[in-house]
Structures are given as structure tokens and as C-alpha cells.
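Engineer: Below is one structure. I have some questions about it.
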Amino acid sequence: MREFIETIKIKNFKAFQQEEIFDIKGKNILIYGTNGSGKSSFFWALYTFLQSSIKSDNEVKKYFESYDIHNNLTHQSLKNVFVTDGEDSYVELTISNENDVKKTYKIGHNLINTNKNSDTKIQELNLASDFINYKLLHNFYNSSHKQELNLWPVFERDIFPFLTEGTRNWLDDIIKKDTLDVPRTPTGNVVSQKRKENYIEKLDSINSKTQLLLDDIEEKANRFLQEEFFNNEEVLKVKLVFQKKFTFEKVRKKLWENGAEFLRQNELQIKLTISVKEESTGSWKTVNRPQSFLNEAQLTRIAIAIRIGATMTRLESKFKILVLDDMLISLDMSNRMDVMRLILNTENKQELRFFDNFQKIILTHDRGFYNLIKRHTDDNNWLYYKFVKDETKNEPPKITLDLINLEKIERIFEESELENCGNELRKEAEDILTHYLDPDMKKMKNEFESLGDKLNKSLSEINNNRFQKFKSGFISELNIDTLKKIKEDYSFDASLSDDDKKYLDKLKGKLFDLMIDLNIKKNFKEKALLNTKEILDRIMNAASHSTDNPLYTSELKKAIEDIKKLKTVLNQD
């Protein structure tokens with residue numbers, strides 16, 4: 001049974017002050033936020049919430065303590081700095097299912113119910129979900145030019161904690177548990193040679209398991225790169241090797257003690273090697289330091305492929321979220337849309353159905369990117385929010401549910417801003433036609449196309465689609481003689497057998513069914529487009545009309561309904 005997040009409540013956490021309630025009812029979320037508006041605070045609220053499921057109460061409470069410079073236990077506090085000590089701080093999620101059964105989970109100073117062994121719902125959600133932002137992707141290739149890429153820190157922090165073998169967490173139960181320290185005697189000395197040999201065998205097993213996991217991720221990442229980024233062409237491929245492994249002597253140094261992160265980065269290495277194919281020879285050339293030779297778009301695609309490859313190795317779940325915070329900020333718009341087409345699965349590809357089960361949360365500070373995604377997503381399945389903050393004032397961010405364009409237009413009309421309404425109606429018609437002509441977001445062009453041009457293209461598209469459907473569904477089955485027989489009264493044709501006549505009856509019925517179907521759909525869409533042409537001529541150029549003309553007001557109201565119909569019929573198959 002499908003489960004989903006019904007509501008999110010955040011109070012006094014990082015940038016948030018008064019309680020903010022996101023009543024999302026299982027929908028996906030798209031958020032536009034200016035710098036400092038709380039966008040990243042929303043990301044970290046969800047991340048902290050899910051991570052709390054694998055932490056102790058004390059490890060979670062420290063995030064909700066009031067900061068005290070003299071108390072080291074409060075130095076990881078994420079409580080908003082402007083609230084008083086007595087005010088509560090929390091993150092709360094209500095989970096629902098298709099039978100409308102709801103349960104609320106909360107983390108804060110006074111209540112934590114996400115980490116109980118009697119209810120593992122949030123633990124399961126944590127293991128099935130993924131959080132990606134620009135910094136996490138940048139970590140893949142954030143090394144100096146002279147260094148080999150070491151992905152151990154990335155896997156330790158962002159990948160291993162979310163992978164499982166059965167119910168065992170890869171980092172805590174498979175790696176960390178058995179590499180905390182070598183076996184010792186009660187007095188702290190290293191154990192006998194026999195026990196040492198047995199322990200080395202255990203380390204060898206951990207190393208082998210880890211490499212097998214990397215092989216699986218590598219295979220999925222390379223398939224994803226080839227199929228989704230390079231049109232099934234062999235362009236480049238990645239190799240993940242557990243180069244510097246666990247040894248007895250390394251574990252003896254106590255790799256997992258507090259402050260040992262730098263030690264682990266030196267002692268452990270997951271080496272990333274990239275090979276590129278030379279077109280002239282067809283041979284593969286190894287690039288050992290890709291951060292020095294590949295551009296940022298290529299490196300980001302590789303990082304995304306590895307992250308997705310890792311995500312695809314997880315337990316399949318119908319309850320999971322995917323949170324993306326400006327993860328594509330370093331890419332130009334064309335490359336960003338390439339990635340978003342995959343995540344949104346705009347072409348409904350079977351191999352990308354993996355993404356369909358995620359409840360998606362996308363955050364960006366790029367208004368143009370926000371508007372593009374908004375234009376190409378369905379408001380039946382998505383909610384749109386805007387986070388805005390005046391950086392000159394110490395005020396909480398202003399968070400508003402961003403109305404879809406037609407709702408905005410109706411509100412503007414009700415406020416009698418008729419000229420503005422006409423202009424907004426034009427923009428909405430342009431957006432509807434842009435999506436109709438380019439549903440997969442593949443034809444992004446810089447040159448301007450007028451609304452009139454888009455209307456003419458849409459009419460041509462309908463006629464072309466109609467002919468193609470007619471051709472594939474009927475003409476391909478016919479020859480000239482058969483077509484002539486259908487036109488005649490063949491029921492008395494002695495040259496035809498009963499089976500021939502039944503076949504022609506079936507073919508004639510199919511022909512008329514197809515013609516009726518095509519013309520009904522064609523008429524609906526064509527009529528809506530022709531109505532829009534009339535609206536363009538009479539209404540949308542609002543400046544040419546007197547806005548106190550009651551006739552114009554009546555026409556504008558009808559135009560809004562016609563544009564609603566246009567959106568509906570063009571979205572129908």
C-alpha cells in the first residue's frame with residue numbers, strides 16, 4: 001500500500017521561526033527561494049528528521065537545545081537564534097496511506113518518536129530516500145589537480161549509511177561494527193596470533209563485500225550514463241575500486257574515534273577512474289585525474305550517475321522521498337533540463353520508472369529554472385512554494401503557496417485588473433502551447449516565438465499526428481484493391497468468400513471507428529486552438545481595449561474559461 005507525507009511542520013529550526021505548515025497531501029513539491037530564505041533549512045529539516053531514526057535521543061536533542069557558548073553540548077544546536085530559551089523547536093511529519101490512516105512523528109527537545117524499535121517506519125523511509133545538493137555532488141571531484149579522486153569520504157557520509165544488506169546498515173552494521181578496533185585481551189593488549197588471523201579473514205570478507213557493492217553501483221552507473229546521458233553511445237565509463245582497504249594495522253589505529261575523519265581519508269580509498277573512448281581508434285583512454293581534464297558538466301553527470309547507481313541498489317520501497325537542493329547549479333540550463341527529464345521521467349521510460357515512486361521535493365534559487373519545471377509539471381501532482389526573505393532585516397522568511405497561473409489570472413480578474421489579466425492570459429497560453437509542443441523539454445531554444453507562431457505550429461502538429469495515426473492504424477494494412485472493395489457493395493460479390501467479406505466488414509468498422517475517434521479529438525483540440533486565436537486577436541492585447549468596457553469584461557471572463565479548456569484538451573491523449 002502506498003504511503004506518503006501528508007504534512008510537514010517546522011518550528012524554530014534554523015531559518016524558520018513561527019510554525020510553518022506544509023499541507024502537501026502526498027504531492028511532490030517545487031520550491032523557489034531567494035538566498036537566505038530558508039530553502040536549505042527546509043532541506044536540512046527533512047534530512048535531520050530522517051537521520052534521527054538511526055540516532056539516540058541525546059544525539060537528536062542536541063539539535064534543539066538553545067545555544068550556550070559555555071556549554072559544548074549545545075554547539076551543534078540548529079535552533080533558531082532569535083527565539084527564547086523556553087520556546088519549543090521541532091520538525092514534525094504526518095504520514096498517511098491510501099486508506100487515509102495517519103500517524104504523526106516528531107523530533108524536538110521534548111519528544112522524539114522516530115527511532116523506536118517498535119515502529120521502524122521512519123527508519124525504513126530513511127534507508128529508501130535520497131538527499132542530494134550541489135555540495136554533495138561537488139564532493140565527488142573536490143580534490144587538487146595532483147591527487148587521485150578518493151570517494152571514501154563521499155561513500156562514508158552520503159551513500160553507505162543509506163544502503164543495506166537485508167536489514168543491516170552498510171556503514172554501521174557491516175563496516176563500522178567490525179572495524180571499530182582489533183580484538184584485544186581484557187588488559188587491552190592485542191590478542192593471540194590465531195585470533196588475529198581469524199580477524200584478518202573477517203576484514204578480507206568486509207573488503208570483498210565492499211568491492212562487490214562497488215561493482216554493482218559501477219555497473220548501474222555506467223548503464224545510466226550510456227542510456228540516459230549519451231544516447232546509448234559509448235562515450236565514457238567509470239571504475240570504482242576499493243584501493244586502500246581495511247587491514248589489521250589500520251583498524252588498530254582506531255579509525256572510528258572522534259576526530260579520526262582525516263585518518264580515514266588517508267588510510268581508506270575508493271578510487272574513481274574514468275575512461276573515455278577515442279572515436280578514431282575505438283580504444284579506451286584512462287583519465288586518472290578526471291577533475292583536471294573533464295569539464296564540470298561531465299563531472300556532474302558522472303557524480304549523478306554514481307549517486308543514482310547507488311540509490312538503485314537500495315531496497316525497493318513504495319514509501320520514499322527524493323530531495324534535491326540546487327544540485328544542478330553549476331550546469332547551464334540545457335544540461336539541467338537533461339537531468340530533470342530523467343528524474344521527472346517525462347518520456348515515461350520503463351528504465352526510469354524507478355523515479356516514479358519517489359515523493360519528490362525540488363528546491364532552487366533560480367527563478368527561470370523554477371518556472372521551467374513548474375511549466376512542465378502537473379499541478380494535480382505538484383505543489384509550488386515561494387520562499388522570500390528581506391536580507392536587510394532579521395525577519396523570518398515569508399513562505400507562500402504559489403498559485404498556478406490560471407488561479408492567479410482569476411484572482412487578478414476578480415480584483416478588476418483587466419489589462420494585467422489580459423497580459424497574464426497571453427503568458428499562460430504561451431506556457432500551455434510550449435508544453436504541448438515540447439512535453440519532454442527537449443526543444444529549448446533561445447529565439448523568440450510569438451503566441452501566433454505557437455498556435456499555428458500546434459494546429460499543424462494536430463493534423464500531422466492525425467495523419468500519422470491514420471497511416472499507422474489503417475493505411476498500412478491496405479492495398480488499392482482492398483480499398484476499392486470497401487468502397488463498393490461487396491456483400492453480393494461472388495468472387496469473395498464469406499471469410500473475405502467478414503474481413504472487409506471488420507476493416508470497414510475499424511476505418512469508421514478510427515475516423516470518428518480522430519475527428520472527435522481533432523475537433524476538440526482544433527476548436528480550442530481556434531478559440532485561442534480569436535482570443536489573441538480580441539482580448540489578449542489588453543492595451544488596445546478600454547478596460548471599463550463591460551463587453552470587454554464579459555469577453556475576458558469567457559476567455560479565461562476558454563484557456564482552461566485549451567489546457568485540458570491539449571493534455572488529453
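By convention here, the chains of the C-alpha cells are called A, B, ... in the order presented, each chain's residues are numbered starting at 1, and ligands are numbered starting at 1 in the order presented.
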Tell me which protein, DNA and RNA residues are within 9 Å of Ala528 (chain A), counting only C-alpha atoms, leaving out same-chain ones fewer than 5 positions away, and put them as a list of chain:residue names.
Structural biologist: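 So, after excluding close chain neighbours, the residues are A:Asn523, A:Lys533, A:Asp562, A:Ile563, A:Lys565, A:Leu566, A:Lys567, A:Val569, A:Leu570.
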Engineer: Please provide as a list of chain:residue names all residues within 9 Å of Lys79 (chain A), with the sequence filter that same-chain residues fewer than 4 positions apart are discarded (counting only C-alpha atoms).
Structural biologist: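 Result of the neighbour search: A:Lys11, A:Asn12, A:Phe13, A:Lys14, A:Ala15, A:Phe16, A:Tyr63, A:Phe64, A:Glu65, A:Ser66, A:Tyr67, A:Val83, A:Asp88, A:Ser89, A:Tyr90.
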Engineer: So that I have them on file, write out the residues from the current selection with N, CA and C atoms, as a PDB file, in the first residue's frame.
Structural biologist:
```pdb
ATOM      1  N   LYS A  11       9.205  24.315  13.187  1.00  0.00           N
ATOM      2  CA  LYS A  11       9.139  25.494  14.054  1.00  0.00           C
ATOM      3  C   LYS A  11      10.497  25.722  14.711  1.00  0.00           C
ATOM      4  N   ASN A  12      10.969  26.965  14.627  1.00  0.00           N
ATOM      5  CA  ASN A  12      12.195  27.405  15.310  1.00  0.00           C
ATOM      6  C   ASN A  12      13.405  26.533  14.966  1.00  0.00           C
ATOM      7  N   PHE A  13      13.462  26.064  13.716  1.00  0.00           N
ATOM      8  CA  PHE A  13      14.577  25.251  13.256  1.00  0.00           C
ATOM      9  C   PHE A  13      15.322  26.030  12.181  1.00  0.00           C
ATOM     10  N   LYS A  14      16.600  26.330  12.430  1.00  0.00           N
ATOM     11  CA  LYS A  14      17.445  27.104  11.522  1.00  0.00           C
ATOM     12  C   LYS A  14      16.728  28.407  11.133  1.00  0.00           C
ATOM     13  N   ALA A  15      16.414  28.615   9.852  1.00  0.00           N
ATOM     14  CA  ALA A  15      15.844  29.903   9.439  1.00  0.00           C
ATOM     15  C   ALA A  15      14.382  30.068   9.843  1.00  0.00           C
ATOM     16  N   PHE A  16      13.701  28.960  10.159  1.00  0.00           N
ATOM     17  CA  PHE A  16      12.281  29.033  10.484  1.00  0.00           C
ATOM     18  C   PHE A  16      12.074  29.542  11.906  1.00  0.00           C
ATOM     19  N   TYR A  63      20.316  19.033  18.711  1.00  0.00           N
ATOM     20  CA  TYR A  63      19.991  19.967  17.631  1.00  0.00           C
ATOM     21  C   TYR A  63      18.927  20.976  18.047  1.00  0.00           C
ATOM     22  N   PHE A  64      18.227  20.706  19.149  1.00  0.00           N
ATOM     23  CA  PHE A  64      17.100  21.544  19.544  1.00  0.00           C
ATOM     24  C   PHE A  64      17.339  22.251  20.877  1.00  0.00           C
ATOM     25  N   GLU A  65      18.582  22.192  21.362  1.00  0.00           N
ATOM     26  CA  GLU A  65      18.967  22.937  22.563  1.00  0.00           C
ATOM     27  C   GLU A  65      19.232  24.402  22.202  1.00  0.00           C
ATOM     28  N   SER A  66      19.009  25.290  23.134  1.00  0.00           N
ATOM     29  CA  SER A  66      19.401  26.691  22.929  1.00  0.00           C
ATOM     30  C   SER A  66      20.922  26.786  23.017  1.00  0.00           C
ATOM     31  N   TYR A  67      21.506  27.508  22.115  1.00  0.00           N
ATOM     32  CA  TYR A  67      22.973  27.592  22.053  1.00  0.00           C
ATOM     33  C   TYR A  67      23.524  28.343  23.274  1.00  0.00           C
ATOM     34  N   VAL A  83      14.930  32.916  18.902  1.00  0.00           N
ATOM     35  CA  VAL A  83      13.861  32.510  19.807  1.00  0.00           C
ATOM     36  C   VAL A  83      14.409  32.387  21.225  1.00  0.00           C
ATOM     37  N   ASP A  88       9.720  26.120  22.141  1.00  0.00           N
ATOM     38  CA  ASP A  88       9.974  24.790  21.598  1.00  0.00           C
ATOM     39  C   ASP A  88      10.502  24.901  20.167  1.00  0.00           C
ATOM     40  N   SER A  89      11.248  23.900  19.769  1.00  0.00           N
ATOM     41  CA  SER A  89      11.779  23.809  18.407  1.00  0.00           C
ATOM     42  C   SER A  89      11.570  22.377  17.952  1.00  0.00           C
ATOM     43  N   TYR A  90      11.043  22.188  16.758  1.00  0.00           N
ATOM     44  CA  TYR A  90      10.770  20.804  16.325  1.00  0.00           C
ATOM     45  C   TYR A  90      10.576  20.712  14.812  1.00  0.00           C
TER      46      TYR A  90
END
```
Engineer: Using DSSP assignments from the backbone, pull out every residue in region 202-443 of chain A that falls under strand (DSSP E) and give it to me as a count of residues only.
Structural biologist: 46
Engineer: Residues near Arg411 (chain A), anyone? I mean within 9 Å using only C-alpha atoms, not counting same-chain ones fewer than 5 positions away, as a VMD selection string.
Structural biologist: chain A and resid 406 416 421
Engineer: Work out how far apart CA of Glu430 (chain A) and CA of Lys454 (chain A) are and give it in Å to one decimal.
Structural biologist: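 Spanning CA of Glu430 (chain A) to CA of Lys454 (chain A) is a straight-line distance of 7.4 Å.
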Engineer: Fewer than 6 positions away in the same chain doesn't count, so skip those; otherwise give me all residues within 8 Å of region 386-391 of chain A, counting only C-alpha atoms, as a PyMOL selection string.
Structural biologist: chain A and resi 31-39+397-402
Engineer: Mind checking which residues fall within 12 Å of Leu372 (chain A), counting only C-alpha atoms, ignoring those fewer than 5 positions away in the same chain, and posting them as a list of chain:residue names?
Structural biologist: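 The residues that qualify are A:Leu30, A:Tyr32, A:Met333, A:Ser334, A:Arg336, A:Met337, A:Met340, A:Arg341, A:Thr364, A:Asp366, A:Arg367, A:Thr377, A:Asp431, A:Ile432, A:Thr434, A:His435, A:Asp438, A:Pro439, A:Asp440, A:Met441, A:Lys442, A:Met444.
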Engineer: Pick from A:Leu459, A:Val276, A:Leu163, A:Leu137: nearest to Ile306 (chain A), with only C-alpha atoms counted?
Structural biologist: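 Going through A:Leu459, A:Val276, A:Leu163, A:Leu137 one by one, the smallest distance to Ile306 (chain A) is for A:Leu137.
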Engineer: Give me, please, the distance in Å between CA of Thr568 (chain A) and CA of Gly452 (chain A), quoted to one decimal.
Structural biologist: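 About the pair CA of Thr568 (chain A) and CA of Gly452 (chain A): they are 19.6 Å apart.
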Engineer: Write out as an NGL selection string each polymer residue whose atoms come within 7 Å of region 97-108 of chain A, counting only C-alpha atoms; drop sequence neighbours fewer than 5 positions from it.
Structural biologist: :A and (1-4 or 49 or 61 or 64 or 89-92 or 113-114)
Engineer: Nearest residue to Leu344 (chain A) out of A:Phe358, A:Phe524, A:Tyr47, A:Phe369, using only C-alpha atoms?
Structural biologist: A:Phe358
Engineer: Counting only C-alpha atoms, which of A:Asn571, A:Ser280, A:Asn531, A:Ser317 gets nearest to Glu555 (chain A)?
Structural biologist: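 Closest candidate: A:Asn531.
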Engineer: Quick one: DSSP helix (DSSP H, G or I) residues in region 297-520 of chain A, as a PyMOL selection string?
Structural biologist: chain A and resi 297-311+333-344+350-357+367-375+405-414+418-437+451-473+475-477+480-487+490-492+498-520
Engineer: Nearest to Asn169 (chain A): which of A:Val81, A:Ile5, A:Ile54, A:Leu93 is it, counting only C-alpha atoms?
Structural biologist: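 Checking each candidate against Asn169 (chain A), we get A:Ile54 as the closest.
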